[in-house]
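Q: Dumping the structure here so I can ask a few things about it.
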Amino acid sequence: MAKIPYDFKDLFDMTIRRMTKEGLLLVTSDKTGKPNVMTIGWGTIGSIWGKPTFVVLVRPSRYSFTLLEQVPQFTVNVPTTGLASEVAFCGSVSGRDCDKFAQARLTPVPAQETDVPVIEQCPINYQCNVIHKTDMVAGVVPDDIKKQFYPSDDYHRIYFGHILACYADEDLSLE
């Protein structure tokens, strides 16, 4: 399927809707170019410092965290509803233990603007370069959020990715 460039703002609604359902697929890679994919359900798109930005959260315990620290680039890939089982799989195992691309039958393909690949089967791909990162501050997280999401004090690192490019299928459909 041919991909064409899009303005990131035009795909905001579709991206957020999919993220809050099955999730999105975050791709990172190591210094040798070997990619890893993980499911994300938290993040946002906007404009920070006058730049189009995709913000993602990754826990230090995740393999993707290690890779993001090695190669400060990532892609966010918006799957179709037909990829729900693949998205669930990528959120249930670690890339330390297996090749999630091979097991989920997902295809990494070169991105136009990053060394980190995009996923061929996903109709929308955001290509990002990390421009800032910060750790969550435990003492300022409200108790109800801490209790529900951080009972083990495993707080996320927040990565701010400058969206260098956004591509989508020519006949874009997320259903």
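We label chains A, B, ... in the order they appear in the structure tokens, count residues from 1 in each chain, and number ligands from 1 in the order shown.
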Near A:Thr53, within 8 Å and counting only C-alpha atoms, which residues show up once chain neighbours fewer than 3 positions away are dropped, as a list in words?

A: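 Everything that qualifies: Ile45, Gly46, Ser47, Ile48, Cys128, Phe160, Gly161, His162 and Ile163 of chain A.
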
Q: Take the residues that were just selected and, keeping N, CA and C atoms, output them as a PDB file, in the first residue's frame.

A:
ATOM      1  N   ILE A  45      -0.541  13.781  21.394  1.00  0.00           N
ATOM      2  CA  ILE A  45       0.018  14.491  20.249  1.00  0.00           C
ATOM      3  C   ILE A  45      -0.306  15.970  20.432  1.00  0.00           C
ATOM      4  N   GLY A  46       0.638  16.816  20.074  1.00  0.00           N
ATOM      5  CA  GLY A  46       0.374  18.245  20.174  1.00  0.00           C
ATOM      6  C   GLY A  46       1.514  19.062  19.635  1.00  0.00           C
ATOM      7  N   SER A  47       1.616  20.272  20.148  1.00  0.00           N
ATOM      8  CA  SER A  47       2.675  21.187  19.752  1.00  0.00           C
ATOM      9  C   SER A  47       3.369  21.668  21.014  1.00  0.00           C
ATOM     10  N   ILE A  48       4.656  21.391  21.094  1.00  0.00           N
ATOM     11  CA  ILE A  48       5.458  21.835  22.233  1.00  0.00           C
ATOM     12  C   ILE A  48       6.702  22.506  21.662  1.00  0.00           C
ATOM     13  N   CYS A 128       9.590   9.933  14.848  1.00  0.00           N
ATOM     14  CA  CYS A 128       9.935  10.925  15.863  1.00  0.00           C
ATOM     15  C   CYS A 128      11.388  10.844  16.314  1.00  0.00           C
ATOM     16  N   PHE A 160       9.501  13.069  24.799  1.00  0.00           N
ATOM     17  CA  PHE A 160       8.902  14.038  23.899  1.00  0.00           C
ATOM     18  C   PHE A 160       9.545  13.835  22.533  1.00  0.00           C
ATOM     19  N   GLY A 161       8.763  13.361  21.578  1.00  0.00           N
ATOM     20  CA  GLY A 161       9.290  13.098  20.248  1.00  0.00           C
ATOM     21  C   GLY A 161       8.851  14.156  19.257  1.00  0.00           C
ATOM     22  N   HIS A 162       9.825  14.812  18.660  1.00  0.00           N
ATOM     23  CA  HIS A 162       9.517  15.757  17.582  1.00  0.00           C
ATOM     24  C   HIS A 162       9.067  14.930  16.381  1.00  0.00           C
ATOM     25  N   ILE A 163       7.850  15.160  15.914  1.00  0.00           N
ATOM     26  CA  ILE A 163       7.329  14.427  14.764  1.00  0.00           C
ATOM     27  C   ILE A 163       8.022  14.968  13.513  1.00  0.00           C
TER      28      ILE A 163
END

Q: Between stretch 15-121 of chain A and stretch 136-143 of chain A, at 12 Å or less, what are the per-residue closest atom pairs and their distances in Å? Count only C-alpha atoms, order by chain and rising residue number, and return it as CSV.

A:
residue,atom,partner,partner_atom,distance
A:Leu57,CA,A:Met136,CA,9.6
A:Val58,CA,A:Met136,CA,10.6
A:Arg59,CA,A:Met136,CA,10.1
A:Pro60,CA,A:Met136,CA,11.2

Q: Between A:Pro117, A:Val37, A:Asp135, A:Leu67, which residue has the minimum interatomic distance to A:Phe89, considering only C-alpha atoms?

A: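 Checking each of A:Pro117, A:Val37, A:Asp135, A:Leu67 against A:Phe89, counting only C-alpha atoms, the winner is A:Val37.
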
Q: Show which residues sit within 12 Å of A:Arg105, as a list in words. Count only C-alpha atoms, and ignore same-chain residues fewer than 3 positions away.

A: Val37, Leu83, Ser85, Glu86, Val87, Phe89, Cys90, Asp99, Lys100, Phe101, Ala102, Pro108, Ile119, Glu120 and Gln121 of chain A

Q: Quick one: residues within 12 Å of A:Asp30, only C-alpha atoms counted, chain neighbours fewer than 3 positions away excluded, as an mmCIF file with N, CA and C atoms, in the first residue's frame?

A:
data_model
loop_
_atom_site.group_PDB
_atom_site.id
_atom_site.type_symbol
_atom_site.label_atom_id
_atom_site.label_comp_id
_atom_site.auth_asym_id
_atom_site.auth_seq_id
_atom_site.Cartn_x
_atom_site.Cartn_y
_atom_site.Cartn_z
ATOM 1 N N VAL A 27 7.704 1.581 18.144
ATOM 2 C CA VAL A 27 8.875 0.854 17.665
ATOM 3 C C VAL A 27 10.130 1.620 18.060
ATOM 4 N N GLY A 33 20.420 -1.541 14.774
ATOM 5 C CA GLY A 33 19.251 -1.405 13.916
ATOM 6 C C GLY A 33 18.191 -2.460 14.135
ATOM 7 N N LYS A 34 18.415 -3.384 15.092
ATOM 8 C CA LYS A 34 17.409 -4.414 15.359
ATOM 9 C C LYS A 34 16.217 -3.777 16.080
ATOM 10 N N PRO A 35 15.018 -3.861 15.477
ATOM 11 C CA PRO A 35 13.859 -3.195 16.070
ATOM 12 C C PRO A 35 13.142 -4.038 17.124
ATOM 13 N N ASN A 36 12.413 -3.317 17.958
ATOM 14 C CA ASN A 36 11.524 -3.926 18.946
ATOM 15 C C ASN A 36 10.209 -3.156 18.894
ATOM 16 N N VAL A 37 9.128 -3.843 19.213
ATOM 17 C CA VAL A 37 7.811 -3.215 19.199
ATOM 18 C C VAL A 37 7.118 -3.480 20.526
ATOM 19 N N TYR A 63 12.014 -3.260 27.929
ATOM 20 C CA TYR A 63 13.130 -3.376 26.989
ATOM 21 C C TYR A 63 13.184 -2.149 26.081
ATOM 22 N N SER A 64 12.037 -1.628 25.687
ATOM 23 C CA SER A 64 11.988 -0.434 24.832
ATOM 24 C C SER A 64 12.653 0.762 25.496
ATOM 25 N N PHE A 65 12.602 0.835 26.811
ATOM 26 C CA PHE A 65 13.276 1.905 27.549
ATOM 27 C C PHE A 65 14.778 1.848 27.279
ATOM 28 N N THR A 66 15.353 0.660 27.409
ATOM 29 C CA THR A 66 16.786 0.471 27.161
ATOM 30 C C THR A 66 17.143 0.921 25.744
ATOM 31 N N LEU A 67 16.304 0.549 24.780
ATOM 32 C CA LEU A 67 16.580 0.904 23.394
ATOM 33 C C LEU A 67 16.441 2.404 23.145
ATOM 34 N N LEU A 68 15.430 3.034 23.738
ATOM 35 C CA LEU A 68 15.258 4.479 23.582
ATOM 36 C C LEU A 68 16.441 5.257 24.157
ATOM 37 N N GLU A 69 17.033 4.712 25.199
ATOM 38 C CA GLU A 69 18.207 5.351 25.775
ATOM 39 C C GLU A 69 19.427 5.189 24.861
ATOM 40 N N GLN A 70 19.481 4.106 24.091
ATOM 41 C CA GLN A 70 20.582 3.881 23.141
ATOM 42 C C GLN A 70 20.395 4.710 21.872
ATOM 43 N N VAL A 71 19.190 4.653 21.318
ATOM 44 C CA VAL A 71 18.861 5.333 20.056
ATOM 45 C C VAL A 71 17.641 6.212 20.329
ATOM 46 N N PRO A 72 17.848 7.521 20.464
ATOM 47 C CA PRO A 72 16.745 8.403 20.856
ATOM 48 C C PRO A 72 15.797 8.763 19.705
ATOM 49 N N GLN A 73 15.240 7.745 19.090
ATOM 50 C CA GLN A 73 14.244 7.897 18.048
ATOM 51 C C GLN A 73 13.186 6.823 18.266
ATOM 52 N N PHE A 74 11.978 7.078 17.771
ATOM 53 C CA PHE A 74 10.932 6.065 17.824
ATOM 54 C C PHE A 74 9.917 6.342 16.729
ATOM 55 N N GLY A 95 10.519 -7.962 24.396
ATOM 56 C CA GLY A 95 11.453 -8.123 23.295
ATOM 57 C C GLY A 95 12.798 -8.655 23.737
ATOM 58 N N ARG A 96 13.039 -8.657 25.036
ATOM 59 C CA ARG A 96 14.263 -9.295 25.552
ATOM 60 C C ARG A 96 14.214 -10.804 25.328
ATOM 61 N N ASP A 115 15.979 6.353 11.711
ATOM 62 C CA ASP A 115 16.645 5.061 11.555
ATOM 63 C C ASP A 115 15.772 3.935 12.089
ATOM 64 N N VAL A 116 14.812 4.274 12.925
ATOM 65 C CA VAL A 116 13.881 3.294 13.485
ATOM 66 C C VAL A 116 12.785 3.042 12.441
ATOM 67 N N PRO A 117 12.472 1.777 12.178
ATOM 68 C CA PRO A 117 11.483 1.482 11.137
ATOM 69 C C PRO A 117 10.044 1.753 11.576
#

Q: So what do you get for atom CA of A:Tyr6 versus atom CA of A:Cys166, distance-wise?

A: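 Between atom CA of A:Tyr6 and atom CA of A:Cys166 the gap works out to 5.5 Å.
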
Q: One number please: atom CA of A:Val118 to atom CA of A:Phe149, in Å, one decimal.

A: 28.8 Å

Q: Between A:Val93, A:Val56, A:Cys122, A:Val109, which is the closest to A:Val78 once you count only C-alpha atoms?

A: A:Cys122

Q: Mind checking DSSP for stretch 2-46 of chain A and telling me the strand (DSSP E) residues as a PyMOL selection string?

A: chain A and resi 3-5+24-29+35-40+43-46

Q: Next, write the just-selected residues to a file, as an mmCIF file, in the first residue's frame, keeping N, CA and C atoms as the atom set.

A:
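Dumped to out-v3.cif:
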data_model
loop_
_atom_site.group_PDB
_atom_site.id
_atom_site.type_symbol
_atom_site.label_atom_id
_atom_site.label_comp_id
_atom_site.auth_asym_id
_atom_site.auth_seq_id
_atom_site.Cartn_x
_atom_site.Cartn_y
_atom_site.Cartn_z
ATOM 1 N N LYS A 3 2.093 4.892 0.792
ATOM 2 C CA LYS A 3 1.927 5.848 1.887
ATOM 3 C C LYS A 3 2.149 7.248 1.343
ATOM 4 N N ILE A 4 1.383 8.184 1.860
ATOM 5 C CA ILE A 4 1.551 9.578 1.477
ATOM 6 C C ILE A 4 1.721 10.423 2.742
ATOM 7 N N PRO A 5 2.414 11.564 2.633
ATOM 8 C CA PRO A 5 2.606 12.414 3.813
ATOM 9 C C PRO A 5 1.291 13.067 4.243
ATOM 10 N N LEU A 24 -1.601 1.542 20.548
ATOM 11 C CA LEU A 24 -0.740 1.824 19.409
ATOM 12 C C LEU A 24 0.523 0.983 19.536
ATOM 13 N N LEU A 25 1.315 0.954 18.482
ATOM 14 C CA LEU A 25 2.557 0.188 18.498
ATOM 15 C C LEU A 25 3.755 1.135 18.412
ATOM 16 N N LEU A 26 4.554 1.119 19.461
ATOM 17 C CA LEU A 26 5.765 1.928 19.556
ATOM 18 C C LEU A 26 6.940 1.076 19.096
ATOM 19 N N VAL A 27 7.704 1.581 18.144
ATOM 20 C CA VAL A 27 8.875 0.854 17.665
ATOM 21 C C VAL A 27 10.130 1.620 18.060
ATOM 22 N N THR A 28 11.089 0.881 18.600
ATOM 23 C CA THR A 28 12.413 1.390 18.946
ATOM 24 C C THR A 28 13.423 0.449 18.296
ATOM 25 N N SER A 29 14.687 0.814 18.346
ATOM 26 C CA SER A 29 15.696 -0.118 17.834
ATOM 27 C C SER A 29 16.997 0.067 18.603
ATOM 28 N N PRO A 35 15.018 -3.861 15.477
ATOM 29 C CA PRO A 35 13.859 -3.195 16.070
ATOM 30 C C PRO A 35 13.142 -4.038 17.124
ATOM 31 N N ASN A 36 12.413 -3.317 17.958
ATOM 32 C CA ASN A 36 11.524 -3.926 18.946
ATOM 33 C C ASN A 36 10.209 -3.156 18.894
ATOM 34 N N VAL A 37 9.128 -3.843 19.213
ATOM 35 C CA VAL A 37 7.811 -3.215 19.199
ATOM 36 C C VAL A 37 7.118 -3.480 20.526
ATOM 37 N N MET A 38 6.435 -2.466 21.043
ATOM 38 C CA MET A 38 5.633 -2.635 22.255
ATOM 39 C C MET A 38 4.326 -1.876 22.098
ATOM 40 N N THR A 39 3.321 -2.336 22.798
ATOM 41 C CA THR A 39 2.014 -1.685 22.784
ATOM 42 C C THR A 39 2.015 -0.533 23.775
ATOM 43 N N ILE A 40 1.445 0.592 23.369
ATOM 44 C CA ILE A 40 1.274 1.720 24.285
ATOM 45 C C ILE A 40 -0.194 2.140 24.282
ATOM 46 N N GLY A 43 -0.303 8.358 25.866
ATOM 47 C CA GLY A 43 0.493 9.280 25.077
ATOM 48 C C GLY A 43 -0.402 10.402 24.601
ATOM 49 N N THR A 44 0.212 11.335 23.909
ATOM 50 C CA THR A 44 -0.569 12.419 23.339
ATOM 51 C C THR A 44 0.195 13.067 22.202
ATOM 52 N N ILE A 45 -0.541 13.781 21.394
ATOM 53 C CA ILE A 45 0.018 14.491 20.249
ATOM 54 C C ILE A 45 -0.306 15.970 20.432
ATOM 55 N N GLY A 46 0.638 16.816 20.074
ATOM 56 C CA GLY A 46 0.374 18.245 20.174
ATOM 57 C C GLY A 46 1.514 19.062 19.635
#

Q: What is the atom CA of A:Thr20 to atom CA of A:Gly41 distance in Å?

A: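 Separation of atom CA of A:Thr20 and atom CA of A:Gly41: 6.1 Å.
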
Q: List every residue of chain A that DSSP, applied to the backbone of this structure, places in alpha helix (DSSP H), and write the result as a ChimeraX atom specification.

A: /A:12-19,63-70,84-90,100-104,143-149

Q: Store the residues of this selection in a file with N, CA and C atoms, as a short mmCIF file (atom, residue, chain, number, x, y, z; two decimals), in the first residue's frame.

A:
data_model
loop_
_atom_site.label_atom_id
_atom_site.label_comp_id
_atom_site.auth_asym_id
_atom_site.auth_seq_id
_atom_site.Cartn_x
_atom_site.Cartn_y
_atom_site.Cartn_z
N PHE A 12 -5.08 13.25 14.22
CA PHE A 12 -5.17 13.25 15.69
C PHE A 12 -6.35 12.41 16.18
N ASP A 13 -7.54 12.67 15.69
CA ASP A 13 -8.73 11.96 16.18
C ASP A 13 -8.62 10.46 15.99
N MET A 14 -8.20 10.03 14.80
CA MET A 14 -8.07 8.59 14.54
C MET A 14 -7.02 7.96 15.46
N THR A 15 -5.91 8.67 15.65
CA THR A 15 -4.82 8.14 16.46
C THR A 15 -5.23 7.99 17.92
N ILE A 16 -5.82 9.02 18.48
CA ILE A 16 -6.23 8.99 19.89
C ILE A 16 -7.34 7.95 20.09
N ARG A 17 -8.26 7.87 19.16
CA ARG A 17 -9.34 6.87 19.27
C ARG A 17 -8.76 5.45 19.31
N ARG A 18 -7.81 5.17 18.45
CA ARG A 18 -7.21 3.83 18.41
C ARG A 18 -6.37 3.58 19.67
N MET A 19 -5.65 4.60 20.14
CA MET A 19 -4.82 4.44 21.34
C MET A 19 -5.68 4.08 22.55
N TYR A 63 12.01 -3.26 27.93
CA TYR A 63 13.13 -3.38 26.99
C TYR A 63 13.18 -2.15 26.08
N SER A 64 12.04 -1.63 25.69
CA SER A 64 11.99 -0.43 24.83
C SER A 64 12.65 0.76 25.50
N PHE A 65 12.60 0.83 26.81
CA PHE A 65 13.28 1.90 27.55
C PHE A 65 14.78 1.85 27.28
N THR A 66 15.35 0.66 27.41
CA THR A 66 16.79 0.47 27.16
C THR A 66 17.14 0.92 25.74
N LEU A 67 16.30 0.55 24.78
CA LEU A 67 16.58 0.90 23.39
C LEU A 67 16.44 2.40 23.15
N LEU A 68 15.43 3.03 23.74
CA LEU A 68 15.26 4.48 23.58
C LEU A 68 16.44 5.26 24.16
N GLU A 69 17.03 4.71 25.20
CA GLU A 69 18.21 5.35 25.78
C GLU A 69 19.43 5.19 24.86
N GLN A 70 19.48 4.11 24.09
CA GLN A 70 20.58 3.88 23.14
C GLN A 70 20.40 4.71 21.87
N ALA A 84 -5.82 -6.39 16.26
CA ALA A 84 -6.02 -6.38 17.71
C ALA A 84 -5.24 -7.50 18.42
N SER A 85 -5.21 -8.69 17.86
CA SER A 85 -4.49 -9.78 18.53
C SER A 85 -2.98 -9.54 18.51
N GLU A 86 -2.47 -8.95 17.43
CA GLU A 86 -1.05 -8.63 17.35
C GLU A 86 -0.68 -7.55 18.37
N VAL A 87 -1.55 -6.55 18.49
CA VAL A 87 -1.33 -5.48 19.45
C VAL A 87 -1.33 -6.06 20.87
N ALA A 88 -2.28 -6.93 21.17
CA ALA A 88 -2.34 -7.56 22.50
C ALA A 88 -1.08 -8.38 22.76
N PHE A 89 -0.63 -9.13 21.77
CA PHE A 89 0.59 -9.94 21.92
C PHE A 89 1.79 -9.04 22.23
N CYS A 90 1.94 -7.96 21.48
CA CYS A 90 3.10 -7.07 21.65
C CYS A 90 3.09 -6.38 23.02
N LYS A 100 9.39 -10.04 18.65
CA LYS A 100 7.95 -9.80 18.57
C LYS A 100 7.49 -9.53 17.14
N PHE A 101 8.34 -8.94 16.33
CA PHE A 101 7.96 -8.73 14.93
C PHE A 101 7.69 -10.06 14.25
N ALA A 102 8.61 -11.00 14.41
CA ALA A 102 8.45 -12.31 13.76
C ALA A 102 7.25 -13.05 14.32
N GLN A 103 7.11 -13.09 15.64
CA GLN A 103 6.03 -13.86 16.24
C GLN A 103 4.65 -13.26 15.95
N ALA A 104 4.58 -11.94 15.84
CA ALA A 104 3.29 -11.29 15.56
C ALA A 104 3.05 -11.14 14.05
N ASP A 143 -2.59 10.47 44.83
CA ASP A 143 -2.66 9.16 45.48
C ASP A 143 -3.51 8.15 44.71
N ASP A 144 -4.64 8.59 44.14
CA ASP A 144 -5.49 7.64 43.42
C ASP A 144 -4.79 7.08 42.17
N ILE A 145 -4.01 7.93 41.49
CA ILE A 145 -3.25 7.47 40.31
C ILE A 145 -2.10 6.58 40.76
N LYS A 146 -1.40 6.99 41.82
CA LYS A 146 -0.30 6.18 42.34
C LYS A 146 -0.80 4.78 42.74
N LYS A 147 -1.91 4.74 43.45
CA LYS A 147 -2.45 3.47 43.90
C LYS A 147 -2.84 2.57 42.73
N GLN A 148 -3.47 3.14 41.72
CA GLN A 148 -3.94 2.35 40.59
C GLN A 148 -2.84 1.94 39.62
N PHE A 149 -1.92 2.87 39.31
CA PHE A 149 -0.96 2.63 38.24
C PHE A 149 0.49 2.44 38.69
#

Q: Rank nothing, just name the residue among A:Phe8, A:Ile131, A:Pro123, A:Tyr167 nearest to A:Thr80, using only C-alpha atoms.

A: A:Pro123
